[in-house]
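K.L.:
Below is a structure I'd like to ask you about.
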Amino acid sequence: MRILIGASSFADAQAALRIARNMLAGPTGQLGGLLIEDETLRSICHCPNQRVISASGTLIYLPSPTQIRTMMNADAQAFRRRLAEIAAPSTSRWTFEQGAGDLVESSLKSGQDWDILIFGYRALHPVPGKIVVFENTTTAHTEAVAMGEVLADQFKAQTVVYRIGADTPPQAEQGQIAARHFVTLQAALAQLARINAQAVVIDLARGPVRSSDQVKALLNASRCPIVILNSSSAEPALEHNVQIPQPPDG
């Protein structure tokens, strides 16, 4: 199994690394780390004396470009060290890359040659949450659901399947799996934002999440790691091109 973890900081990567560690407990595989520096934040930090409101409500200065570079280098070292620690017991190979850009776009592009892509997100809740699986109402008992059950068993959590679509969903699951039906993806994301999720599992080949923009919306709503199957099936981002017509002759 080849698992790639994409994150914008080591703090965000740690929860995803715990998931990957459990997945690599069996057969020998390959583990990859991708640390992406946010270009928007870097551009803002190039402006001197920029201040923002922190999560606690205080006004703080943004770090300078030099401070950002120092923090990113420290994160990269910690990321590499943790990858090596996880890979060693299972004799798995590991790789690490560092870059700048959009986290979702960069990770989806790099993840096309990997079996599983995991987006890191730092833990916000002291109590572990549910494992949520997104799938269409036209499908049931998919690979994503099976993956959700594996994660739920490893983390002693409940699996909740969010089935999205206008069709009548299959009969509710039994045992530790619960099911919810939503007509639209937006409604499912709104509900997801209200719960404590430990991880979300999606399959880009089956949907309902298919595009990079939808993955970004899912990451913002879930506030937890996202486990992606078939990341090579992501729909390309829409290009917004402005075409200026040629002036008429004469």
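Letters A, B, ... go to the chains of the structure tokens in the order shown; residues in each chain start at 1; ligands are counted from 1 in the same order.
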Please identify all polymer residues within 7 Å of Gly101 (chain A), counting only C-alpha atoms, omitting same-chain residues fewer than 3 positions from it, and present them as a list in words.
P.N.:
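After dropping sequence-adjacent residues, the list is Ile36, Glu37, Asp38, Glu39 and Ser106 of chain A.
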K.L.:
Within 8 Å of Ser107 (chain A), counting only C-alpha atoms, which residues qualify if same-chain residues fewer than 2 places away don't, as a PDB file with C-alpha atoms, in the first residue's frame?
P.N.:
ATOM      1  CA  GLY A   6      -0.224  16.203   2.256  1.00  0.00           C
ATOM      2  CA  LEU A  34       4.310  16.374   1.110  1.00  0.00           C
ATOM      3  CA  LEU A 103      -2.258  22.380  -0.694  1.00  0.00           C
ATOM      4  CA  VAL A 104      -5.215  20.593  -2.313  1.00  0.00           C
ATOM      5  CA  GLU A 105      -4.136  21.174  -5.922  1.00  0.00           C
ATOM      6  CA  LYS A 109      -1.410  16.223  -8.530  1.00  0.00           C
ATOM      7  CA  SER A 110       1.298  14.405  -6.571  1.00  0.00           C
ATOM      8  CA  GLY A 111      -1.130  11.783  -5.284  1.00  0.00           C
ATOM      9  CA  LEU A 117      -3.910  10.304  -0.274  1.00  0.00           C
TER      10      LEU A 117
END
K.L.:
Skipping near chain neighbours, those fewer than 3 positions away, what residues fall within 12 Å of Gly165 (chain A) using only C-alpha atoms, listed as a PyMOL selection string?
P.N.:
chain A and resi 134-139+162+168-170+180-188+207-209
K.L.:
Include N, CA and C atoms and write out the residues we just selected as an mmCIF file, in the first residue's frame.
P.N.:
data_model
loop_
_atom_site.group_PDB
_atom_site.id
_atom_site.type_symbol
_atom_site.label_atom_id
_atom_site.label_comp_id
_atom_site.auth_asym_id
_atom_site.auth_seq_id
_atom_site.Cartn_x
_atom_site.Cartn_y
_atom_site.Cartn_z
ATOM 1 N N PHE A 134 -18.306 9.489 2.722
ATOM 2 C CA PHE A 134 -19.183 10.108 1.733
ATOM 3 C C PHE A 134 -19.332 9.159 0.541
ATOM 4 N N GLU A 135 -20.584 8.931 0.113
ATOM 5 C CA GLU A 135 -20.818 8.168 -1.110
ATOM 6 C C GLU A 135 -22.158 8.549 -1.703
ATOM 7 N N ASN A 136 -22.387 8.158 -2.956
ATOM 8 C CA ASN A 136 -23.644 8.449 -3.635
ATOM 9 C C ASN A 136 -24.739 7.504 -3.169
ATOM 10 N N THR A 137 -25.987 7.933 -3.340
ATOM 11 C CA THR A 137 -27.111 7.064 -2.996
ATOM 12 C C THR A 137 -27.238 5.896 -3.968
ATOM 13 N N THR A 138 -26.607 6.001 -5.124
ATOM 14 C CA THR A 138 -26.698 4.924 -6.120
ATOM 15 C C THR A 138 -25.722 3.784 -5.843
ATOM 16 N N THR A 139 -24.841 3.954 -4.863
ATOM 17 C CA THR A 139 -23.869 2.912 -4.543
ATOM 18 C C THR A 139 -24.006 2.523 -3.076
ATOM 19 N N TYR A 162 -22.508 9.128 4.917
ATOM 20 C CA TYR A 162 -23.310 10.207 4.355
ATOM 21 C C TYR A 162 -23.592 9.855 2.900
ATOM 22 N N THR A 168 -33.452 7.207 -3.751
ATOM 23 C CA THR A 168 -33.704 6.595 -2.449
ATOM 24 C C THR A 168 -32.472 5.812 -2.027
ATOM 25 N N PRO A 169 -31.930 6.111 -0.848
ATOM 26 C CA PRO A 169 -30.696 5.422 -0.432
ATOM 27 C C PRO A 169 -30.969 3.976 -0.063
ATOM 28 N N PRO A 170 -29.937 3.135 -0.067
ATOM 29 C CA PRO A 170 -30.096 1.746 0.353
ATOM 30 C C PRO A 170 -30.531 1.668 1.809
ATOM 31 N N ARG A 180 -26.839 8.440 6.964
ATOM 32 C CA ARG A 180 -27.628 9.650 6.821
ATOM 33 C C ARG A 180 -27.805 9.941 5.339
ATOM 34 N N HIS A 181 -28.979 10.465 4.970
ATOM 35 C CA HIS A 181 -29.260 10.770 3.574
ATOM 36 C C HIS A 181 -29.362 12.279 3.387
ATOM 37 N N PHE A 182 -28.673 12.795 2.364
ATOM 38 C CA PHE A 182 -28.721 14.212 2.008
ATOM 39 C C PHE A 182 -28.961 14.328 0.506
ATOM 40 N N VAL A 183 -29.820 15.234 0.124
ATOM 41 C CA VAL A 183 -30.122 15.412 -1.292
ATOM 42 C C VAL A 183 -28.963 16.073 -2.017
ATOM 43 N N THR A 184 -28.281 17.001 -1.353
ATOM 44 C CA THR A 184 -27.183 17.728 -1.989
ATOM 45 C C THR A 184 -25.903 17.591 -1.171
ATOM 46 N N LEU A 185 -24.781 17.779 -1.849
ATOM 47 C CA LEU A 185 -23.494 17.755 -1.166
ATOM 48 C C LEU A 185 -23.393 18.913 -0.191
ATOM 49 N N GLN A 186 -23.953 20.073 -0.546
ATOM 50 C CA GLN A 186 -23.894 21.233 0.334
ATOM 51 C C GLN A 186 -24.582 20.947 1.665
ATOM 52 N N ALA A 187 -25.703 20.239 1.633
ATOM 53 C CA ALA A 187 -26.411 19.904 2.871
ATOM 54 C C ALA A 187 -25.585 18.957 3.736
ATOM 55 N N ALA A 188 -24.908 18.016 3.082
ATOM 56 C CA ALA A 188 -24.060 17.079 3.822
ATOM 57 C C ALA A 188 -22.882 17.808 4.463
ATOM 58 N N GLY A 207 -17.502 9.439 -6.349
ATOM 59 C CA GLY A 207 -18.219 10.613 -5.907
ATOM 60 C C GLY A 207 -18.882 10.385 -4.553
ATOM 61 N N PRO A 208 -19.657 11.366 -4.090
ATOM 62 C CA PRO A 208 -20.106 12.579 -4.782
ATOM 63 C C PRO A 208 -19.051 13.681 -4.863
ATOM 64 N N VAL A 209 -17.995 13.594 -4.035
ATOM 65 C CA VAL A 209 -16.904 14.575 -4.111
ATOM 66 C C VAL A 209 -15.978 14.159 -5.243
#
K.L.:
Name the residues in contact with Thr95 (chain A) at a cut-off of 10 Å, using only C-alpha atoms, excluding same-chain residues fewer than 5 positions from it; report them as a ChimeraX atom specification.
P.N.:
/A:4,30-34,80,83-84
K.L.:
For the residues in the current selection, export all heavy atoms as a PDB file, in the first residue's frame.
P.N.:
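The new file part.pdb reads:
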ATOM      1  N   LEU A   4       0.284   8.633   0.663  1.00  0.00           N
ATOM      2  CA  LEU A   4       0.878   9.964   0.620  1.00  0.00           C
ATOM      3  C   LEU A   4       0.106  10.880   1.560  1.00  0.00           C
ATOM      4  O   LEU A   4      -1.124  10.914   1.528  1.00  0.00           O
ATOM      5  CB  LEU A   4       0.838  10.529  -0.799  1.00  0.00           C
ATOM      6  CG  LEU A   4       1.365  11.959  -0.960  1.00  0.00           C
ATOM      7  CD1 LEU A   4       2.864  12.027  -0.651  1.00  0.00           C
ATOM      8  CD2 LEU A   4       1.092  12.484  -2.373  1.00  0.00           C
ATOM      9  N   GLN A  30       4.696   1.812   1.075  1.00  0.00           N
ATOM     10  CA  GLN A  30       5.474   3.021   0.868  1.00  0.00           C
ATOM     11  C   GLN A  30       4.725   4.184   1.474  1.00  0.00           C
ATOM     12  O   GLN A  30       3.508   4.316   1.306  1.00  0.00           O
ATOM     13  CB  GLN A  30       5.729   3.263  -0.620  1.00  0.00           C
ATOM     14  CG  GLN A  30       6.622   4.485  -0.886  1.00  0.00           C
ATOM     15  CD  GLN A  30       6.997   4.619  -2.342  1.00  0.00           C
ATOM     16  OE1 GLN A  30       6.670   3.756  -3.154  1.00  0.00           O
ATOM     17  NE2 GLN A  30       7.678   5.699  -2.691  1.00  0.00           N
ATOM     18  N   LEU A  31       5.450   5.038   2.181  1.00  0.00           N
ATOM     19  CA  LEU A  31       4.863   6.175   2.868  1.00  0.00           C
ATOM     20  C   LEU A  31       5.512   7.444   2.342  1.00  0.00           C
ATOM     21  O   LEU A  31       6.740   7.533   2.251  1.00  0.00           O
ATOM     22  CB  LEU A  31       5.083   6.044   4.378  1.00  0.00           C
ATOM     23  CG  LEU A  31       4.513   7.138   5.276  1.00  0.00           C
ATOM     24  CD1 LEU A  31       2.998   7.196   5.162  1.00  0.00           C
ATOM     25  CD2 LEU A  31       4.924   6.876   6.735  1.00  0.00           C
ATOM     26  N   GLY A  32       4.689   8.429   1.986  1.00  0.00           N
ATOM     27  CA  GLY A  32       5.208   9.677   1.456  1.00  0.00           C
ATOM     28  C   GLY A  32       4.683  10.875   2.229  1.00  0.00           C
ATOM     29  O   GLY A  32       3.556  10.868   2.723  1.00  0.00           O
ATOM     30  N   GLY A  33       5.507  11.907   2.332  1.00  0.00           N
ATOM     31  CA  GLY A  33       5.108  13.154   2.959  1.00  0.00           C
ATOM     32  C   GLY A  33       5.256  14.309   1.995  1.00  0.00           C
ATOM     33  O   GLY A  33       6.235  14.375   1.232  1.00  0.00           O
ATOM     34  N   LEU A  34       4.287  15.206   1.988  1.00  0.00           N
ATOM     35  CA  LEU A  34       4.310  16.374   1.110  1.00  0.00           C
ATOM     36  C   LEU A  34       3.972  17.600   1.950  1.00  0.00           C
ATOM     37  O   LEU A  34       2.845  17.732   2.431  1.00  0.00           O
ATOM     38  CB  LEU A  34       3.301  16.210  -0.028  1.00  0.00           C
ATOM     39  CG  LEU A  34       3.245  17.303  -1.092  1.00  0.00           C
ATOM     40  CD1 LEU A  34       4.565  17.391  -1.838  1.00  0.00           C
ATOM     41  CD2 LEU A  34       2.105  17.046  -2.071  1.00  0.00           C
ATOM     42  N   ARG A  80      10.020  14.576   8.338  1.00  0.00           N
ATOM     43  CA  ARG A  80      10.914  13.501   7.892  1.00  0.00           C
ATOM     44  C   ARG A  80      11.176  12.503   9.020  1.00  0.00           C
ATOM     45  O   ARG A  80      11.159  11.280   8.804  1.00  0.00           O
ATOM     46  CB  ARG A  80      12.248  14.088   7.419  1.00  0.00           C
ATOM     47  CG  ARG A  80      12.205  14.823   6.101  1.00  0.00           C
ATOM     48  CD  ARG A  80      13.621  15.089   5.624  1.00  0.00           C
ATOM     49  NE  ARG A  80      13.642  15.958   4.451  1.00  0.00           N
ATOM     50  CZ  ARG A  80      13.813  17.272   4.488  1.00  0.00           C
ATOM     51  NH1 ARG A  80      13.966  17.877   5.669  1.00  0.00           N
ATOM     52  NH2 ARG A  80      13.830  17.987   3.390  1.00  0.00           N
ATOM     53  N   LEU A  83       8.117  10.302   9.584  1.00  0.00           N
ATOM     54  CA  LEU A  83       7.959   9.348   8.490  1.00  0.00           C
ATOM     55  C   LEU A  83       8.899   8.156   8.671  1.00  0.00           C
ATOM     56  O   LEU A  83       8.496   6.998   8.512  1.00  0.00           O
ATOM     57  CB  LEU A  83       8.237  10.025   7.150  1.00  0.00           C
ATOM     58  CG  LEU A  83       7.200  11.016   6.616  1.00  0.00           C
ATOM     59  CD1 LEU A  83       7.763  11.784   5.432  1.00  0.00           C
ATOM     60  CD2 LEU A  83       5.912  10.305   6.219  1.00  0.00           C
ATOM     61  N   ALA A  84      10.149   8.446   9.022  1.00  0.00           N
ATOM     62  CA  ALA A  84      11.126   7.378   9.221  1.00  0.00           C
ATOM     63  C   ALA A  84      10.733   6.478  10.390  1.00  0.00           C
ATOM     64  O   ALA A  84      10.882   5.256  10.332  1.00  0.00           O
ATOM     65  CB  ALA A  84      12.507   7.982   9.457  1.00  0.00           C
TER      66      ALA A  84
END
K.L.:
When you count only C-alpha atoms, which of these residues is closest to Phe119 (chain A): A:Ala221, A:Met23, A:Ala88, A:Ala13?
P.N.:
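The answer is A:Ala13, which sits nearest to Phe119 (chain A).
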K.L.:
With distances taken over only C-alpha atoms, which residue among A:Ile195, A:Met1, A:Ile19, A:Ala217 lies nearest Ser92 (chain A)?
P.N.:
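Smallest separation from Ser92 (chain A) among the options: A:Met1.
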K.L.:
I want to know what sits within 9 Å of Val201 (chain A), based on only C-alpha atoms, with residues of the same chain fewer than 4 positions away left out; could you give that as a PyMOL selection string?
P.N.:
chain A and resi 131-134+144-145+147-148+225-229
K.L.:
Print the selection's residues with all heavy atoms to a file, as a compact mmCIF listing (two decimals), in the first residue's frame.
P.N.:
# COMPACT_ATOMS: atom_id res chain seq x y z
N ILE A 131 -15.93 8.39 12.30
CA ILE A 131 -15.37 8.20 10.97
C ILE A 131 -16.53 8.38 9.98
O ILE A 131 -17.51 7.64 10.01
CB ILE A 131 -14.76 6.80 10.80
CG1 ILE A 131 -13.73 6.53 11.89
CG2 ILE A 131 -14.15 6.67 9.41
CD1 ILE A 131 -12.53 7.45 11.89
N VAL A 132 -16.43 9.39 9.12
CA VAL A 132 -17.51 9.72 8.19
C VAL A 132 -17.11 9.32 6.78
O VAL A 132 -16.00 9.63 6.33
CB VAL A 132 -17.85 11.22 8.24
CG1 VAL A 132 -19.01 11.54 7.29
CG2 VAL A 132 -18.20 11.65 9.65
N VAL A 133 -18.01 8.62 6.09
CA VAL A 133 -17.77 8.19 4.71
C VAL A 133 -18.79 8.87 3.80
O VAL A 133 -19.99 8.85 4.07
CB VAL A 133 -17.90 6.66 4.56
CG1 VAL A 133 -17.61 6.24 3.12
CG2 VAL A 133 -16.97 5.94 5.53
N PHE A 134 -18.31 9.49 2.72
CA PHE A 134 -19.18 10.11 1.73
C PHE A 134 -19.33 9.16 0.54
O PHE A 134 -18.34 8.67 0.01
CB PHE A 134 -18.58 11.43 1.24
CG PHE A 134 -18.93 12.62 2.09
CD1 PHE A 134 -18.66 12.62 3.45
CD2 PHE A 134 -19.53 13.73 1.53
CE1 PHE A 134 -18.96 13.72 4.24
CE2 PHE A 134 -19.84 14.85 2.31
CZ PHE A 134 -19.56 14.83 3.67
N ALA A 144 -14.84 2.69 -0.14
CA ALA A 144 -14.74 3.76 0.84
C ALA A 144 -15.38 3.35 2.16
O ALA A 144 -14.84 3.64 3.25
CB ALA A 144 -15.39 5.04 0.31
N VAL A 145 -16.53 2.69 2.09
CA VAL A 145 -17.19 2.22 3.31
C VAL A 145 -16.32 1.17 4.01
O VAL A 145 -16.18 1.18 5.24
CB VAL A 145 -18.58 1.65 3.00
CG1 VAL A 145 -19.21 1.02 4.26
CG2 VAL A 145 -19.50 2.74 2.46
N MET A 147 -13.10 0.96 3.89
CA MET A 147 -12.00 1.68 4.51
C MET A 147 -12.46 2.37 5.79
O MET A 147 -11.74 2.39 6.80
CB MET A 147 -11.43 2.71 3.53
CG MET A 147 -10.33 3.60 4.10
SD MET A 147 -8.86 2.67 4.60
CE MET A 147 -8.24 2.19 2.98
N GLY A 148 -13.66 2.94 5.76
CA GLY A 148 -14.20 3.58 6.96
C GLY A 148 -14.36 2.60 8.10
O GLY A 148 -14.06 2.93 9.26
N PRO A 225 -8.56 15.09 9.27
CA PRO A 225 -7.94 14.48 8.08
C PRO A 225 -8.96 13.89 7.12
O PRO A 225 -10.01 13.39 7.53
CB PRO A 225 -7.06 13.38 8.69
CG PRO A 225 -6.78 13.83 10.08
CD PRO A 225 -8.02 14.54 10.52
N ILE A 226 -8.64 13.95 5.82
CA ILE A 226 -9.48 13.36 4.78
C ILE A 226 -8.68 12.26 4.10
O ILE A 226 -7.57 12.50 3.60
CB ILE A 226 -9.91 14.40 3.75
CG1 ILE A 226 -10.76 15.49 4.41
CG2 ILE A 226 -10.72 13.74 2.62
CD1 ILE A 226 -11.19 16.58 3.46
N VAL A 227 -9.24 11.06 4.06
CA VAL A 227 -8.61 9.92 3.40
C VAL A 227 -9.24 9.78 2.02
O VAL A 227 -10.46 9.60 1.90
CB VAL A 227 -8.82 8.62 4.21
CG1 VAL A 227 -8.18 7.44 3.50
CG2 VAL A 227 -8.26 8.79 5.62
N ILE A 228 -8.42 9.88 0.97
CA ILE A 228 -8.93 9.90 -0.40
C ILE A 228 -8.48 8.65 -1.14
O ILE A 228 -7.29 8.36 -1.22
CB ILE A 228 -8.46 11.15 -1.15
CG1 ILE A 228 -8.99 12.41 -0.46
CG2 ILE A 228 -8.90 11.13 -2.60
CD1 ILE A 228 -8.60 13.69 -1.15
N LEU A 229 -9.44 7.95 -1.71
CA LEU A 229 -9.17 6.82 -2.60
C LEU A 229 -9.29 7.31 -4.04
O LEU A 229 -10.10 8.19 -4.35
CB LEU A 229 -10.17 5.69 -2.36
CG LEU A 229 -10.34 5.22 -0.90
CD1 LEU A 229 -11.39 4.12 -0.83
CD2 LEU A 229 -9.03 4.75 -0.32
K.L.:
From a DSSP calculation on the backbone, collect every residue of region 57-181 of chain A in strand (DSSP E or B) and output the set as a JSON list (two decimals) with N, CA and C atoms, in the first residue's frame.
P.N.:
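Dumped everything to states30.json:
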[["chain", "number", "residue", "atom", "x", "y", "z"],
["A", 59, "LEU", "N", -4.73, 40.71, 18.83],
["A", 59, "LEU", "CA", -4.13, 41.20, 17.59],
["A", 59, "LEU", "C", -2.65, 40.87, 17.60],
["A", 60, "ILE", "N", -2.19, 40.12, 16.61],
["A", 60, "ILE", "CA", -0.79, 39.68, 16.57],
["A", 60, "ILE", "C", -0.18, 40.05, 15.21],
["A", 61, "TYR", "N", 1.15, 40.19, 15.22],
["A", 61, "TYR", "CA", 1.88, 40.44, 13.97],
["A", 61, "TYR", "C", 2.12, 39.11, 13.25],
["A", 93, "ARG", "N", 9.23, 1.75, 2.69],
["A", 93, "ARG", "CA", 10.02, 2.84, 2.14],
["A", 93, "ARG", "C", 9.30, 4.16, 2.41],
["A", 94, "TRP", "N", 10.05, 5.25, 2.49],
["A", 94, "TRP", "CA", 9.40, 6.53, 2.70],
["A", 94, "TRP", "C", 10.12, 7.60, 1.87],
["A", 95, "THR", "N", 9.34, 8.61, 1.48],
["A", 95, "THR", "CA", 9.86, 9.73, 0.70],
["A", 95, "THR", "C", 9.28, 11.02, 1.27],
["A", 96, "PHE", "N", 9.93, 12.12, 0.97],
["A", 96, "PHE", "CA", 9.45, 13.42, 1.45],
["A", 96, "PHE", "C", 9.76, 14.48, 0.42],
["A", 97, "GLU", "N", 8.78, 15.37, 0.20],
["A", 97, "GLU", "CA", 8.97, 16.50, -0.71],
["A", 97, "GLU", "C", 8.41, 17.76, -0.06],
["A", 98, "GLN", "N", 9.00, 18.89, -0.42],
["A", 98, "GLN", "CA", 8.57, 20.17, 0.13],
["A", 98, "GLN", "C", 8.40, 21.15, -1.01],
["A", 99, "GLY", "N", 7.32, 21.95, -0.94],
["A", 99, "GLY", "CA", 7.07, 22.91, -2.00],
["A", 99, "GLY", "C", 6.17, 24.03, -1.52],
["A", 100, "ALA", "N", 5.72, 24.84, -2.46],
["A", 100, "ALA", "CA", 4.84, 25.96, -2.16],
["A", 100, "ALA", "C", 3.72, 25.98, -3.18],
["A", 101, "GLY", "N", 2.55, 26.46, -2.75],
["A", 101, "GLY", "CA", 1.41, 26.52, -3.66],
["A", 101, "GLY", "C", 0.11, 26.27, -2.92],
["A", 116, "ILE", "N", -3.41, 5.78, -1.74],
["A", 116, "ILE", "CA", -4.22, 6.55, -0.81],
["A", 116, "ILE", "C", -3.56, 7.90, -0.58],
["A", 117, "LEU", "N", -4.37, 8.96, -0.59],
["A", 117, "LEU", "CA", -3.91, 10.30, -0.27],
["A", 117, "LEU", "C", -4.63, 10.75, 0.99],
["A", 118, "ILE", "N", -3.88, 11.25, 1.96],
["A", 118, "ILE", "CA", -4.48, 11.73, 3.20],
["A", 118, "ILE", "C", -4.11, 13.20, 3.39],
["A", 119, "PHE", "N", -5.13, 14.05, 3.54],
["A", 119, "PHE", "CA", -4.90, 15.44, 3.87],
["A", 119, "PHE", "C", -4.83, 15.58, 5.39],
["A", 130, "LYS", "N", -16.19, 10.71, 15.10],
["A", 130, "LYS", "CA", -16.68, 9.65, 14.22],
["A", 130, "LYS", "C", -15.82, 9.53, 12.96],
["A", 131, "ILE", "N", -15.93, 8.39, 12.30],
["A", 131, "ILE", "CA", -15.37, 8.20, 10.97],
["A", 131, "ILE", "C", -16.53, 8.38, 9.98],
["A", 132, "VAL", "N", -16.43, 9.39, 9.12],
["A", 132, "VAL", "CA", -17.51, 9.72, 8.19],
["A", 132, "VAL", "C", -17.11, 9.32, 6.78],
["A", 133, "VAL", "N", -18.01, 8.62, 6.09],
["A", 133, "VAL", "CA", -17.77, 8.19, 4.71],
["A", 133, "VAL", "C", -18.79, 8.87, 3.80],
["A", 134, "PHE", "N", -18.31, 9.49, 2.72],
["A", 134, "PHE", "CA", -19.18, 10.11, 1.73],
["A", 134, "PHE", "C", -19.33, 9.16, 0.54],
["A", 135, "GLU", "N", -20.58, 8.93, 0.11],
["A", 135, "GLU", "CA", -20.82, 8.17, -1.11],
["A", 135, "GLU", "C", -22.16, 8.55, -1.70],
["A", 136, "ASN", "N", -22.39, 8.16, -2.96],
["A", 136, "ASN", "CA", -23.64, 8.45, -3.63],
["A", 136, "ASN", "C", -24.74, 7.50, -3.17],
["A", 159, "THR", "N", -18.71, 4.45, 12.61],
["A", 159, "THR", "CA", -18.74, 4.84, 11.21],
["A", 159, "THR", "C", -20.10, 5.44, 10.86],
["A", 160, "VAL", "N", -20.09, 6.59, 10.21],
["A", 160, "VAL", "CA", -21.33, 7.22, 9.73],
["A", 160, "VAL", "C", -21.19, 7.42, 8.23],
["A", 161, "VAL", "N", -22.13, 6.88, 7.47],
["A", 161, "VAL", "CA", -22.10, 7.00, 6.02],
["A", 161, "VAL", "C", -23.04, 8.13, 5.60],
["A", 162, "TYR", "N", -22.51, 9.13, 4.92],
["A", 162, "TYR", "CA", -23.31, 10.21, 4.35],
["A", 162, "TYR", "C", -23.59, 9.85, 2.90],
["A", 163, "ARG", "N", -24.83, 9.50, 2.59],
["A", 163, "ARG", "CA", -25.22, 9.17, 1.22],
["A", 163, "ARG", "C", -25.91, 10.37, 0.61],
["A", 164, "ILE", "N", -25.38, 10.80, -0.54],
["A", 164, "ILE", "CA", -25.83, 12.05, -1.15],
["A", 164, "ILE", "C", -26.43, 11.79, -2.52],
["A", 177, "ILE", "N", -22.37, 0.80, 12.01],
["A", 177, "ILE", "CA", -22.46, 1.78, 10.92],
["A", 177, "ILE", "C", -23.83, 2.44, 10.94],
["A", 178, "ALA", "N", -23.83, 3.76, 10.95],
["A", 178, "ALA", "CA", -25.07, 4.52, 10.82],
["A", 178, "ALA", "C", -25.07, 5.18, 9.46],
["A", 179, "ALA", "N", -26.24, 5.58, 8.97],
["A", 179, "ALA", "CA", -26.35, 6.19, 7.64],
["A", 179, "ALA", "C", -27.24, 7.42, 7.71],
["A", 180, "ARG", "N", -26.84, 8.44, 6.96],
["A", 180, "ARG", "CA", -27.63, 9.65, 6.82],
["A", 180, "ARG", "C", -27.80, 9.94, 5.34],
["A", 181, "HIS", "N", -28.98, 10.46, 4.97],
["A", 181, "HIS", "CA", -29.26, 10.77, 3.57],
["A", 181, "HIS", "C", -29.36, 12.28, 3.39]]
